[in-house]
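**Q** Just dropping this structure here.
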Amino acid sequence: MKLRIATYNIHKGVSSLRSMPRVHALKQALVSMEADILFLQEVQGRHDKFAMRHASLWPEQEQHHFLAGDSHQAVYGMNAVYDHGHHGNALLSRFPVLSSTNQDVSDHAYESRGILHCVVQLPQTELHCYVIHLGLFSRSRKRQTDALIEAVSTSSPPDAPLIIAGDFNDWTNQLSDSLRNRLGVTEVFDENLPSRGFGLYLRSLSGRGPKVKPARTFPAALPWLRLDRIYVRGLHIENAQVLHGPMWAKLSDHAPIVASLALK
């Protein structure tokens, strides 16, 4: 079975400059991805100020339901709550969602973070999906990654296919090895490795494997930092790409990643 997925930090549906609503254009962009499952971060569940200031541009529906439309089922994990609204992670799925839980992994009072776990019913099997958005501080990310590994280990069978996707804020790529070693996952760009080269030759002489690097996704206008990731287990990675260009740069400060997968 083929499966097309995407991860995207949507910046609460507003532009990076001047915070102008981009929700309608964002919905069209998501449709163009033709993704079966979307892992979204910074989804605005409610924002009373934007709703009042931009009434004609701000949907009455919560963002996750508006973006899902009639084609996808939407699940929302509320993380950050404030007087005029709240935001969090969301999963949009073309397939039925059997169950969902949202685990608070906030590390301090200034950042509200969560792990949204959804079990999706595919025609052949159940797929465990985890939407995450880790903190800005290195020590927080390490503790949140440990919590993620614990959550995955206790909430999904060891042989179950799974996808972990989101904004890891891990620009130094310190967390991937822990996820690979402890969960047996593969990042979708791990297979985009050079098959030859002097650097690869030197690493093999020293007993090290290829140097694996996720894709650059931030800032969207000129991606330089490697913040967004998709890790999979029990799925074959056919291809993965970062969506670049003027349209994507206007929609969010992050560029989305789209991957085509197949059940093993």
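The chains in the structure tokens are called A, B, ... from first to last as shown; in each chain the residues are counted from 1, and the ligands are counted from 1 in the order shown.
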Tell me which protein, DNA and RNA residues are within 9 Å of range 215-228 of chain A, counting only C-alpha atoms, leaving out same-chain ones fewer than 6 positions away, and put them as a PDB file with all heavy atoms, in the first residue's frame.

**A**
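Heads up, here's the output in out-v2.pdb:
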```pdb
ATOM      1  N   THR A   7       4.598  16.861   6.783  1.00  0.00           N
ATOM      2  CA  THR A   7       4.695  17.564   8.059  1.00  0.00           C
ATOM      3  C   THR A   7       4.914  19.032   7.771  1.00  0.00           C
ATOM      4  O   THR A   7       5.652  19.395   6.839  1.00  0.00           O
ATOM      5  CB  THR A   7       5.821  16.999   8.954  1.00  0.00           C
ATOM      6  OG1 THR A   7       5.779  17.666  10.223  1.00  0.00           O
ATOM      7  CG2 THR A   7       7.195  17.195   8.334  1.00  0.00           C
ATOM      8  N   TYR A   8       4.257  19.884   8.578  1.00  0.00           N
ATOM      9  CA  TYR A   8       4.285  21.312   8.285  1.00  0.00           C
ATOM     10  C   TYR A   8       3.983  22.111   9.551  1.00  0.00           C
ATOM     11  O   TYR A   8       2.952  21.914  10.190  1.00  0.00           O
ATOM     12  CB  TYR A   8       3.233  21.621   7.211  1.00  0.00           C
ATOM     13  CG  TYR A   8       3.349  22.945   6.495  1.00  0.00           C
ATOM     14  CD1 TYR A   8       4.466  23.763   6.611  1.00  0.00           C
ATOM     15  CD2 TYR A   8       2.307  23.381   5.675  1.00  0.00           C
ATOM     16  CE1 TYR A   8       4.553  24.963   5.921  1.00  0.00           C
ATOM     17  CE2 TYR A   8       2.386  24.575   4.969  1.00  0.00           C
ATOM     18  CZ  TYR A   8       3.513  25.362   5.102  1.00  0.00           C
ATOM     19  OH  TYR A   8       3.593  26.550   4.417  1.00  0.00           O
ATOM     20  N   ASN A   9       4.899  23.008   9.899  1.00  0.00           N
ATOM     21  CA  ASN A   9       4.640  24.007  10.936  1.00  0.00           C
ATOM     22  C   ASN A   9       3.977  25.191  10.230  1.00  0.00           C
ATOM     23  O   ASN A   9       4.623  25.918   9.481  1.00  0.00           O
ATOM     24  CB  ASN A   9       5.956  24.429  11.605  1.00  0.00           C
ATOM     25  CG  ASN A   9       5.740  25.447  12.719  1.00  0.00           C
ATOM     26  OD1 ASN A   9       4.854  26.293  12.649  1.00  0.00           O
ATOM     27  ND2 ASN A   9       6.568  25.375  13.743  1.00  0.00           N
ATOM     28  N   ALA A 165       6.505  12.715  13.312  1.00  0.00           N
ATOM     29  CA  ALA A 165       6.795  13.842  12.445  1.00  0.00           C
ATOM     30  C   ALA A 165       6.483  15.157  13.148  1.00  0.00           C
ATOM     31  O   ALA A 165       5.585  15.223  13.995  1.00  0.00           O
ATOM     32  CB  ALA A 165       5.985  13.749  11.152  1.00  0.00           C
ATOM     33  N   GLY A 166       7.259  16.177  12.783  1.00  0.00           N
ATOM     34  CA  GLY A 166       6.995  17.489  13.348  1.00  0.00           C
ATOM     35  C   GLY A 166       8.204  18.394  13.317  1.00  0.00           C
ATOM     36  O   GLY A 166       9.194  18.145  12.614  1.00  0.00           O
ATOM     37  N   ASP A 167       8.116  19.439  14.109  1.00  0.00           N
ATOM     38  CA  ASP A 167       9.170  20.442  14.241  1.00  0.00           C
ATOM     39  C   ASP A 167      10.001  20.078  15.468  1.00  0.00           C
ATOM     40  O   ASP A 167       9.563  20.260  16.598  1.00  0.00           O
ATOM     41  CB  ASP A 167       8.530  21.825  14.397  1.00  0.00           C
ATOM     42  CG  ASP A 167       9.541  22.942  14.602  1.00  0.00           C
ATOM     43  OD1 ASP A 167      10.758  22.649  14.641  1.00  0.00           O
ATOM     44  OD2 ASP A 167       9.122  24.106  14.733  1.00  0.00           O
ATOM     45  N   PHE A 168      11.218  19.586  15.221  1.00  0.00           N
ATOM     46  CA  PHE A 168      12.076  19.135  16.315  1.00  0.00           C
ATOM     47  C   PHE A 168      12.946  20.248  16.876  1.00  0.00           C
ATOM     48  O   PHE A 168      13.554  20.082  17.941  1.00  0.00           O
ATOM     49  CB  PHE A 168      12.965  17.975  15.844  1.00  0.00           C
ATOM     50  CG  PHE A 168      12.269  16.653  15.812  1.00  0.00           C
ATOM     51  CD1 PHE A 168      11.342  16.368  14.826  1.00  0.00           C
ATOM     52  CD2 PHE A 168      12.512  15.696  16.772  1.00  0.00           C
ATOM     53  CE1 PHE A 168      10.677  15.155  14.791  1.00  0.00           C
ATOM     54  CE2 PHE A 168      11.855  14.473  16.756  1.00  0.00           C
ATOM     55  CZ  PHE A 168      10.940  14.202  15.760  1.00  0.00           C
ATOM     56  N   ASN A 169      13.042  21.374  16.187  1.00  0.00           N
ATOM     57  CA  ASN A 169      13.898  22.490  16.614  1.00  0.00           C
ATOM     58  C   ASN A 169      15.335  22.032  16.892  1.00  0.00           C
ATOM     59  O   ASN A 169      16.070  22.681  17.632  1.00  0.00           O
ATOM     60  CB  ASN A 169      13.321  23.180  17.859  1.00  0.00           C
ATOM     61  CG  ASN A 169      12.359  24.291  17.500  1.00  0.00           C
ATOM     62  OD1 ASN A 169      12.621  25.088  16.599  1.00  0.00           O
ATOM     63  ND2 ASN A 169      11.236  24.353  18.198  1.00  0.00           N
ATOM     64  N   ASP A 170      15.725  20.940  16.299  1.00  0.00           N
ATOM     65  CA  ASP A 170      17.022  20.303  16.582  1.00  0.00           C
ATOM     66  C   ASP A 170      17.999  20.625  15.452  1.00  0.00           C
ATOM     67  O   ASP A 170      18.394  19.759  14.688  1.00  0.00           O
ATOM     68  CB  ASP A 170      16.804  18.789  16.727  1.00  0.00           C
ATOM     69  CG  ASP A 170      18.079  18.016  17.008  1.00  0.00           C
ATOM     70  OD1 ASP A 170      18.993  18.584  17.629  1.00  0.00           O
ATOM     71  OD2 ASP A 170      18.158  16.849  16.586  1.00  0.00           O
ATOM     72  N   TRP A 171      18.396  21.900  15.375  1.00  0.00           N
ATOM     73  CA  TRP A 171      19.227  22.327  14.240  1.00  0.00           C
ATOM     74  C   TRP A 171      20.628  21.724  14.263  1.00  0.00           C
ATOM     75  O   TRP A 171      21.303  21.658  13.247  1.00  0.00           O
ATOM     76  CB  TRP A 171      19.298  23.852  14.167  1.00  0.00           C
ATOM     77  CG  TRP A 171      19.731  24.532  15.422  1.00  0.00           C
ATOM     78  CD1 TRP A 171      21.006  24.785  15.816  1.00  0.00           C
ATOM     79  CD2 TRP A 171      18.885  25.043  16.449  1.00  0.00           C
ATOM     80  NE1 TRP A 171      21.013  25.433  17.029  1.00  0.00           N
ATOM     81  CE2 TRP A 171      19.718  25.601  17.442  1.00  0.00           C
ATOM     82  CE3 TRP A 171      17.498  25.094  16.624  1.00  0.00           C
ATOM     83  CZ2 TRP A 171      19.214  26.201  18.597  1.00  0.00           C
ATOM     84  CZ3 TRP A 171      16.999  25.683  17.767  1.00  0.00           C
ATOM     85  CH2 TRP A 171      17.849  26.228  18.742  1.00  0.00           C
ATOM     86  N   THR A 172      21.096  21.262  15.427  1.00  0.00           N
ATOM     87  CA  THR A 172      22.408  20.620  15.508  1.00  0.00           C
ATOM     88  C   THR A 172      22.335  19.105  15.323  1.00  0.00           C
ATOM     89  O   THR A 172      23.357  18.426  15.384  1.00  0.00           O
ATOM     90  CB  THR A 172      23.077  20.938  16.857  1.00  0.00           C
ATOM     91  OG1 THR A 172      22.198  20.540  17.920  1.00  0.00           O
ATOM     92  CG2 THR A 172      23.364  22.433  16.972  1.00  0.00           C
ATOM     93  N   ASN A 173      21.128  18.575  15.100  1.00  0.00           N
ATOM     94  CA  ASN A 173      20.915  17.150  14.841  1.00  0.00           C
ATOM     95  C   ASN A 173      21.504  16.272  15.944  1.00  0.00           C
ATOM     96  O   ASN A 173      22.208  15.293  15.675  1.00  0.00           O
ATOM     97  CB  ASN A 173      21.502  16.760  13.477  1.00  0.00           C
ATOM     98  CG  ASN A 173      20.947  15.443  12.968  1.00  0.00           C
ATOM     99  OD1 ASN A 173      19.864  15.012  13.365  1.00  0.00           O
ATOM    100  ND2 ASN A 173      21.687  14.790  12.089  1.00  0.00           N
ATOM    101  N   PHE A 189      15.084  11.260   5.045  1.00  0.00           N
ATOM    102  CA  PHE A 189      16.210  11.671   4.205  1.00  0.00           C
ATOM    103  C   PHE A 189      17.477  10.857   4.494  1.00  0.00           C
ATOM    104  O   PHE A 189      18.510  11.126   3.887  1.00  0.00           O
ATOM    105  CB  PHE A 189      16.490  13.168   4.384  1.00  0.00           C
ATOM    106  CG  PHE A 189      15.437  14.051   3.770  1.00  0.00           C
ATOM    107  CD1 PHE A 189      14.413  14.564   4.544  1.00  0.00           C
ATOM    108  CD2 PHE A 189      15.457  14.338   2.419  1.00  0.00           C
ATOM    109  CE1 PHE A 189      13.426  15.359   3.986  1.00  0.00           C
ATOM    110  CE2 PHE A 189      14.475  15.131   1.840  1.00  0.00           C
ATOM    111  CZ  PHE A 189      13.456  15.640   2.627  1.00  0.00           C
ATOM    112  N   GLN A 241      10.751  15.107  -0.144  1.00  0.00           N
ATOM    113  CA  GLN A 241      11.201  16.394  -0.649  1.00  0.00           C
ATOM    114  C   GLN A 241      10.700  17.531   0.230  1.00  0.00           C
ATOM    115  O   GLN A 241       9.666  17.411   0.893  1.00  0.00           O
ATOM    116  CB  GLN A 241      10.717  16.615  -2.087  1.00  0.00           C
ATOM    117  CG  GLN A 241       9.201  16.647  -2.225  1.00  0.00           C
ATOM    118  CD  GLN A 241       8.747  16.969  -3.636  1.00  0.00           C
ATOM    119  OE1 GLN A 241       9.329  17.810  -4.305  1.00  0.00           O
ATOM    120  NE2 GLN A 241       7.697  16.293  -4.100  1.00  0.00           N
ATOM    121  N   VAL A 242      11.472  18.612   0.236  1.00  0.00           N
ATOM    122  CA  VAL A 242      11.051  19.853   0.873  1.00  0.00           C
ATOM    123  C   VAL A 242      10.424  20.727  -0.208  1.00  0.00           C
ATOM    124  O   VAL A 242      10.980  20.859  -1.303  1.00  0.00           O
ATOM    125  CB  VAL A 242      12.241  20.581   1.517  1.00  0.00           C
ATOM    126  CG1 VAL A 242      11.794  21.881   2.162  1.00  0.00           C
ATOM    127  CG2 VAL A 242      12.918  19.687   2.542  1.00  0.00           C
ATOM    128  N   LEU A 243       9.264  21.308   0.082  1.00  0.00           N
ATOM    129  CA  LEU A 243       8.579  22.147  -0.889  1.00  0.00           C
ATOM    130  C   LEU A 243       9.073  23.591  -0.746  1.00  0.00           C
ATOM    131  O   LEU A 243       8.844  24.229   0.282  1.00  0.00           O
ATOM    132  CB  LEU A 243       7.070  22.070  -0.690  1.00  0.00           C
ATOM    133  CG  LEU A 243       6.474  20.660  -0.803  1.00  0.00           C
ATOM    134  CD1 LEU A 243       4.959  20.711  -0.647  1.00  0.00           C
ATOM    135  CD2 LEU A 243       6.845  20.005  -2.133  1.00  0.00           C
ATOM    136  N   HIS A 244       9.744  24.080  -1.786  1.00  0.00           N
ATOM    137  CA  HIS A 244      10.308  25.427  -1.778  1.00  0.00           C
ATOM    138  C   HIS A 244       9.532  26.321  -2.739  1.00  0.00           C
ATOM    139  O   HIS A 244       8.725  25.855  -3.523  1.00  0.00           O
ATOM    140  CB  HIS A 244      11.778  25.395  -2.223  1.00  0.00           C
ATOM    141  CG  HIS A 244      12.671  24.627  -1.305  1.00  0.00           C
ATOM    142  ND1 HIS A 244      12.856  24.968   0.001  1.00  0.00           N
ATOM    143  CD2 HIS A 244      13.446  23.524  -1.521  1.00  0.00           C
ATOM    144  CE1 HIS A 244      13.700  24.109   0.559  1.00  0.00           C
ATOM    145  NE2 HIS A 244      14.061  23.218  -0.343  1.00  0.00           N
ATOM    146  N   GLY A 245       9.835  27.599  -2.675  1.00  0.00           N
ATOM    147  CA  GLY A 245       9.294  28.530  -3.649  1.00  0.00           C
ATOM    148  C   GLY A 245       8.564  29.683  -3.002  1.00  0.00           C
ATOM    149  O   GLY A 245       8.271  29.670  -1.797  1.00  0.00           O
ATOM    150  N   PRO A 246       8.250  30.716  -3.790  1.00  0.00           N
ATOM    151  CA  PRO A 246       7.616  31.936  -3.248  1.00  0.00           C
ATOM    152  C   PRO A 246       6.302  31.673  -2.527  1.00  0.00           C
ATOM    153  O   PRO A 246       6.015  32.304  -1.508  1.00  0.00           O
ATOM    154  CB  PRO A 246       7.407  32.791  -4.511  1.00  0.00           C
ATOM    155  CG  PRO A 246       8.409  32.283  -5.493  1.00  0.00           C
ATOM    156  CD  PRO A 246       8.557  30.824  -5.221  1.00  0.00           C
ATOM    157  N   TRP A 248       5.289  29.020  -0.811  1.00  0.00           N
ATOM    158  CA  TRP A 248       5.500  28.443   0.517  1.00  0.00           C
ATOM    159  C   TRP A 248       6.137  29.459   1.453  1.00  0.00           C
ATOM    160  O   TRP A 248       5.838  29.470   2.656  1.00  0.00           O
ATOM    161  CB  TRP A 248       6.357  27.186   0.410  1.00  0.00           C
ATOM    162  CG  TRP A 248       5.722  26.148  -0.452  1.00  0.00           C
ATOM    163  CD1 TRP A 248       6.076  25.794  -1.716  1.00  0.00           C
ATOM    164  CD2 TRP A 248       4.570  25.356  -0.129  1.00  0.00           C
ATOM    165  NE1 TRP A 248       5.230  24.827  -2.208  1.00  0.00           N
ATOM    166  CE2 TRP A 248       4.298  24.537  -1.258  1.00  0.00           C
ATOM    167  CE3 TRP A 248       3.757  25.257   0.993  1.00  0.00           C
ATOM    168  CZ2 TRP A 248       3.242  23.632  -1.280  1.00  0.00           C
ATOM    169  CZ3 TRP A 248       2.706  24.359   0.975  1.00  0.00           C
ATOM    170  CH2 TRP A 248       2.453  23.558  -0.147  1.00  0.00           C
ATOM    171  N   ALA A 249       6.995  30.329   0.942  1.00  0.00           N
ATOM    172  CA  ALA A 249       7.635  31.345   1.785  1.00  0.00           C
ATOM    173  C   ALA A 249       6.620  32.342   2.330  1.00  0.00           C
ATOM    174  O   ALA A 249       6.838  32.925   3.399  1.00  0.00           O
ATOM    175  CB  ALA A 249       8.710  32.074   0.986  1.00  0.00           C
ATOM    176  N   LYS A 250       5.506  32.546   1.624  1.00  0.00           N
ATOM    177  CA  LYS A 250       4.481  33.484   2.085  1.00  0.00           C
ATOM    178  C   LYS A 250       3.556  32.880   3.129  1.00  0.00           C
ATOM    179  O   LYS A 250       2.905  33.601   3.876  1.00  0.00           O
ATOM    180  CB  LYS A 250       3.644  33.959   0.891  1.00  0.00           C
ATOM    181  CG  LYS A 250       4.395  34.841  -0.092  1.00  0.00           C
ATOM    182  CD  LYS A 250       3.497  35.207  -1.273  1.00  0.00           C
ATOM    183  CE  LYS A 250       4.258  36.055  -2.292  1.00  0.00           C
ATOM    184  NZ  LYS A 250       3.407  36.355  -3.482  1.00  0.00           N
ATOM    185  N   LEU A 251       3.484  31.553   3.163  1.00  0.00           N
ATOM    186  CA  LEU A 251       2.495  30.899   4.013  1.00  0.00           C
ATOM    187  C   LEU A 251       2.980  30.689   5.439  1.00  0.00           C
ATOM    188  O   LEU A 251       2.184  30.719   6.383  1.00  0.00           O
ATOM    189  CB  LEU A 251       2.107  29.549   3.402  1.00  0.00           C
ATOM    190  CG  LEU A 251       1.331  29.606   2.091  1.00  0.00           C
ATOM    191  CD1 LEU A 251       1.085  28.197   1.564  1.00  0.00           C
ATOM    192  CD2 LEU A 251       0.009  30.336   2.278  1.00  0.00           C
ATOM    193  N   SER A 252       4.275  30.413   5.617  1.00  0.00           N
ATOM    194  CA  SER A 252       4.798  30.092   6.944  1.00  0.00           C
ATOM    195  C   SER A 252       6.290  30.363   6.967  1.00  0.00           C
ATOM    196  O   SER A 252       6.920  30.541   5.918  1.00  0.00           O
ATOM    197  CB  SER A 252       4.525  28.615   7.279  1.00  0.00           C
ATOM    198  OG  SER A 252       5.157  28.227   8.478  1.00  0.00           O
ATOM    199  N   ASP A 253       6.864  30.384   8.169  1.00  0.00           N
ATOM    200  CA  ASP A 253       8.319  30.533   8.277  1.00  0.00           C
ATOM    201  C   ASP A 253       9.032  29.199   8.099  1.00  0.00           C
ATOM    202  O   ASP A 253      10.257  29.156   7.989  1.00  0.00           O
ATOM    203  CB  ASP A 253       8.714  31.197   9.595  1.00  0.00           C
ATOM    204  CG  ASP A 253       8.146  30.491  10.822  1.00  0.00           C
ATOM    205  OD1 ASP A 253       7.269  29.610  10.669  1.00  0.00           O
ATOM    206  OD2 ASP A 253       8.558  30.829  11.940  1.00  0.00           O
ATOM    207  N   HIS A 254       8.292  28.093   8.080  1.00  0.00           N
ATOM    208  CA  HIS A 254       8.858  26.760   7.816  1.00  0.00           C
ATOM    209  C   HIS A 254       8.443  26.295   6.436  1.00  0.00           C
ATOM    210  O   HIS A 254       7.348  26.637   5.956  1.00  0.00           O
ATOM    211  CB  HIS A 254       8.349  25.734   8.831  1.00  0.00           C
ATOM    212  CG  HIS A 254       8.940  25.864  10.189  1.00  0.00           C
ATOM    213  ND1 HIS A 254       9.776  24.907  10.747  1.00  0.00           N
ATOM    214  CD2 HIS A 254       8.803  26.836  11.132  1.00  0.00           C
ATOM    215  CE1 HIS A 254      10.120  25.291  11.960  1.00  0.00           C
ATOM    216  NE2 HIS A 254       9.553  26.458  12.213  1.00  0.00           N
ATOM    217  N   ALA A 255       9.289  25.505   5.792  1.00  0.00           N
ATOM    218  CA  ALA A 255       8.916  24.818   4.555  1.00  0.00           C
ATOM    219  C   ALA A 255       8.412  23.424   4.906  1.00  0.00           C
ATOM    220  O   ALA A 255       8.949  22.765   5.810  1.00  0.00           O
ATOM    221  CB  ALA A 255      10.120  24.718   3.616  1.00  0.00           C
ATOM    222  N   PRO A 256       7.402  22.931   4.217  1.00  0.00           N
ATOM    223  CA  PRO A 256       6.865  21.588   4.508  1.00  0.00           C
ATOM    224  C   PRO A 256       7.717  20.486   3.893  1.00  0.00           C
ATOM    225  O   PRO A 256       8.427  20.711   2.897  1.00  0.00           O
ATOM    226  CB  PRO A 256       5.473  21.612   3.888  1.00  0.00           C
ATOM    227  CG  PRO A 256       5.579  22.602   2.775  1.00  0.00           C
ATOM    228  CD  PRO A 256       6.594  23.632   3.190  1.00  0.00           C
ATOM    229  N   ILE A 257       7.627  19.314   4.485  1.00  0.00           N
ATOM    230  CA  ILE A 257       8.253  18.099   3.934  1.00  0.00           C
ATOM    231  C   ILE A 257       7.128  17.151   3.524  1.00  0.00           C
ATOM    232  O   ILE A 257       6.179  16.920   4.280  1.00  0.00           O
ATOM    233  CB  ILE A 257       9.151  17.407   4.968  1.00  0.00           C
ATOM    234  CG1 ILE A 257      10.323  18.305   5.371  1.00  0.00           C
ATOM    235  CG2 ILE A 257       9.665  16.078   4.414  1.00  0.00           C
ATOM    236  CD1 ILE A 257      11.170  17.717   6.491  1.00  0.00           C
TER     237      ILE A 257
END
```

**Q** If you run DSSP over the backbone, which residues in range 124-233 of chain A end up alpha helix (DSSP H)? Put them as a count of residues only.

**A** 34

**Q** Within 8 Å of Phe95 in chain A, counting only C-alpha atoms, which residues qualify if same-chain residues fewer than 3 places away don't, as a PyMOL selection string?

**A** chain A and resi 36-37+72-73+120-122

**Q** Would you mind exporting all heavy atoms of the selected residues as an mmCIF file, in the first residue's frame?

**A**
```cif
data_model
loop_
_atom_site.group_PDB
_atom_site.id
_atom_site.type_symbol
_atom_site.label_atom_id
_atom_site.label_comp_id
_atom_site.auth_asym_id
_atom_site.auth_seq_id
_atom_site.Cartn_x
_atom_site.Cartn_y
_atom_site.Cartn_z
ATOM 1 N N ASP A 36 -2.183 11.922 2.249
ATOM 2 C CA ASP A 36 -3.180 11.115 2.966
ATOM 3 C C ASP A 36 -3.225 11.491 4.447
ATOM 4 O O ASP A 36 -4.295 11.483 5.055
ATOM 5 C CB ASP A 36 -2.849 9.628 2.828
ATOM 6 C CG ASP A 36 -2.862 9.174 1.385
ATOM 7 O OD1 ASP A 36 -3.901 9.343 0.723
ATOM 8 O OD2 ASP A 36 -1.825 8.655 0.920
ATOM 9 N N ILE A 37 -2.066 11.792 5.019
ATOM 10 C CA ILE A 37 -1.982 12.160 6.428
ATOM 11 C C ILE A 37 -1.066 13.375 6.546
ATOM 12 O O ILE A 37 0.029 13.381 5.987
ATOM 13 C CB ILE A 37 -1.442 11.004 7.293
ATOM 14 C CG1 ILE A 37 -2.274 9.736 7.090
ATOM 15 C CG2 ILE A 37 -1.439 11.398 8.767
ATOM 16 C CD1 ILE A 37 -1.731 8.516 7.821
ATOM 17 N N HIS A 72 -10.672 14.933 4.948
ATOM 18 C CA HIS A 72 -9.844 14.393 6.018
ATOM 19 C C HIS A 72 -10.557 14.501 7.373
ATOM 20 O O HIS A 72 -11.367 15.409 7.582
ATOM 21 C CB HIS A 72 -8.510 15.142 6.114
ATOM 22 C CG HIS A 72 -7.560 14.856 4.996
ATOM 23 N ND1 HIS A 72 -7.827 15.171 3.679
ATOM 24 C CD2 HIS A 72 -6.319 14.282 4.986
ATOM 25 C CE1 HIS A 72 -6.818 14.819 2.911
ATOM 26 N NE2 HIS A 72 -5.891 14.271 3.672
ATOM 27 N N GLN A 73 -10.210 13.591 8.243
ATOM 28 C CA GLN A 73 -10.632 13.679 9.640
ATOM 29 C C GLN A 73 -9.570 14.463 10.405
ATOM 30 O O GLN A 73 -8.372 14.294 10.160
ATOM 31 C CB GLN A 73 -10.793 12.283 10.249
ATOM 32 C CG GLN A 73 -11.267 12.283 11.692
ATOM 33 C CD GLN A 73 -11.474 10.872 12.226
ATOM 34 O OE1 GLN A 73 -11.616 9.916 11.443
ATOM 35 N NE2 GLN A 73 -11.497 10.715 13.537
ATOM 36 N N VAL A 120 -4.286 5.352 13.421
ATOM 37 C CA VAL A 120 -5.009 5.488 12.152
ATOM 38 C C VAL A 120 -5.256 4.099 11.561
ATOM 39 O O VAL A 120 -4.343 3.268 11.515
ATOM 40 C CB VAL A 120 -4.203 6.358 11.165
ATOM 41 C CG1 VAL A 120 -4.879 6.391 9.797
ATOM 42 C CG2 VAL A 120 -4.044 7.770 11.719
ATOM 43 N N GLN A 121 -6.489 3.857 11.133
ATOM 44 C CA GLN A 121 -6.846 2.565 10.548
ATOM 45 C C GLN A 121 -6.594 2.582 9.044
ATOM 46 O O GLN A 121 -7.342 3.182 8.266
ATOM 47 C CB GLN A 121 -8.306 2.238 10.830
ATOM 48 C CG GLN A 121 -8.756 0.889 10.271
ATOM 49 C CD GLN A 121 -8.017 -0.274 10.914
ATOM 50 O OE1 GLN A 121 -8.164 -0.527 12.104
ATOM 51 N NE2 GLN A 121 -7.207 -0.987 10.128
ATOM 52 N N LEU A 122 -5.524 1.935 8.616
ATOM 53 C CA LEU A 122 -5.272 1.721 7.200
ATOM 54 C C LEU A 122 -6.021 0.469 6.754
ATOM 55 O O LEU A 122 -6.448 -0.338 7.601
ATOM 56 C CB LEU A 122 -3.779 1.567 6.941
ATOM 57 C CG LEU A 122 -2.883 2.741 7.355
ATOM 58 C CD1 LEU A 122 -1.426 2.425 7.013
ATOM 59 C CD2 LEU A 122 -3.326 4.036 6.718
#
```

**Q** Considering only C-alpha atoms, can you say which of A:Asp104, A:Leu162, A:Lys213, A:Lys49 comes closest to Ala262 in chain A?

**A** A:Leu162

**Q** Please run DSSP on the backbone and report, as a PyMOL selection string, all residues within range 82-263 of chain A that come out as strand (DSSP E or B).

**A** chain A and resi 82+85-93+97-104+108+111+114-121+126-133+162-167+186-187+218+225+228-233+235-242+257-263

**Q** Kindly indicate which residue among A:Leu17, A:Val131, A:Met33, A:Ala55 lies nearest to Tyr76 in chain A, using only C-alpha atoms for the distances.

**A**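 Looking only at the distances to Tyr76 in chain A, the closest residue turns out to be A:Val131.
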
**Q** Which is closest to Ser106 in chain A among A:Ile132, A:Val152, A:Leu26, A:Val232, if we use only C-alpha atoms?

**A**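 For Ser106 in chain A, the nearest of the candidates is A:Ile132.
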
**Q** Excluding Asp70 in chain A and its own-chain neighbours fewer than 6 positions away, which residues fall within 12 Å of it when counting only C-alpha atoms? Please give them as a list in words.

**A**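 My list of contacting residues is Lys27, Val31, His64, Leu92, Ser93 and Arg94 of chain A.
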
**Q** Next, the residues of the selection above should be written as a PDB file, in the first residue's frame with N, CA, C and O atoms.

**A**
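Result file is selection23.pdb:
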```pdb
ATOM      1  N   LYS A  27      -4.983  26.441   3.119  1.00  0.00           N
ATOM      2  CA  LYS A  27      -5.836  25.284   2.828  1.00  0.00           C
ATOM      3  C   LYS A  27      -5.628  24.818   1.397  1.00  0.00           C
ATOM      4  O   LYS A  27      -5.524  23.603   1.133  1.00  0.00           O
ATOM      5  N   VAL A  31      -4.135  21.119   0.122  1.00  0.00           N
ATOM      6  CA  VAL A  31      -4.833  20.275  -0.852  1.00  0.00           C
ATOM      7  C   VAL A  31      -3.886  19.887  -1.990  1.00  0.00           C
ATOM      8  O   VAL A  31      -3.888  18.740  -2.469  1.00  0.00           O
ATOM      9  N   HIS A  64      -8.007  23.401  12.495  1.00  0.00           N
ATOM     10  CA  HIS A  64      -7.820  22.006  12.087  1.00  0.00           C
ATOM     11  C   HIS A  64      -9.030  21.478  11.323  1.00  0.00           C
ATOM     12  O   HIS A  64      -8.881  20.740  10.351  1.00  0.00           O
ATOM     13  N   LEU A  92      -4.332  15.487  10.356  1.00  0.00           N
ATOM     14  CA  LEU A  92      -5.416  15.387   9.386  1.00  0.00           C
ATOM     15  C   LEU A  92      -5.232  14.080   8.629  1.00  0.00           C
ATOM     16  O   LEU A  92      -4.174  13.844   8.050  1.00  0.00           O
ATOM     17  N   SER A  93      -6.251  13.242   8.637  1.00  0.00           N
ATOM     18  CA  SER A  93      -6.109  11.909   8.058  1.00  0.00           C
ATOM     19  C   SER A  93      -7.248  11.585   7.112  1.00  0.00           C
ATOM     20  O   SER A  93      -8.427  11.781   7.440  1.00  0.00           O
ATOM     21  N   ARG A  94      -6.883  11.063   5.931  1.00  0.00           N
ATOM     22  CA  ARG A  94      -7.884  10.591   4.972  1.00  0.00           C
ATOM     23  C   ARG A  94      -8.487   9.260   5.436  1.00  0.00           C
ATOM     24  O   ARG A  94      -9.564   8.861   4.981  1.00  0.00           O
TER      25      ARG A  94
END
```

**Q** Tell me, as a ChimeraX atom specification, which residues lie within 9 Å of range 138-149 of chain A, counting only C-alpha atoms; anything in the same chain fewer than 5 positions away does not count.

**A** /A:105-108,113-115,130,132,154,168-170,174-175,178-179,182-183

**Q** Put those residues in a file: C-alpha atoms, as a CSV table (one decimal), in the first residue's frame.

**A**
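After the write, again.csv holds the following:
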```
chain,number,residue,atom,x,y,z
A,105,VAL,CA,5.7,17.4,27.7
A,106,SER,CA,6.2,21.0,28.6
A,107,ASP,CA,9.6,21.5,30.2
A,108,HIS,CA,9.1,24.9,31.8
A,113,ARG,CA,4.6,21.4,24.3
A,114,GLY,CA,2.7,18.1,23.6
A,115,ILE,CA,2.8,14.8,21.9
A,130,TYR,CA,2.9,11.0,16.6
A,132,ILE,CA,5.4,16.7,17.9
A,154,THR,CA,4.5,2.2,25.9
A,168,PHE,CA,12.1,19.1,16.3
A,169,ASN,CA,13.9,22.5,16.6
A,170,ASP,CA,17.0,20.3,16.6
A,174,GLN,CA,21.7,15.8,18.3
A,175,LEU,CA,18.5,13.8,18.8
A,178,SER,CA,18.6,8.3,20.1
A,179,LEU,CA,15.5,7.9,18.1
A,182,ARG,CA,16.0,3.2,20.8
A,183,LEU,CA,13.0,3.0,18.5
```
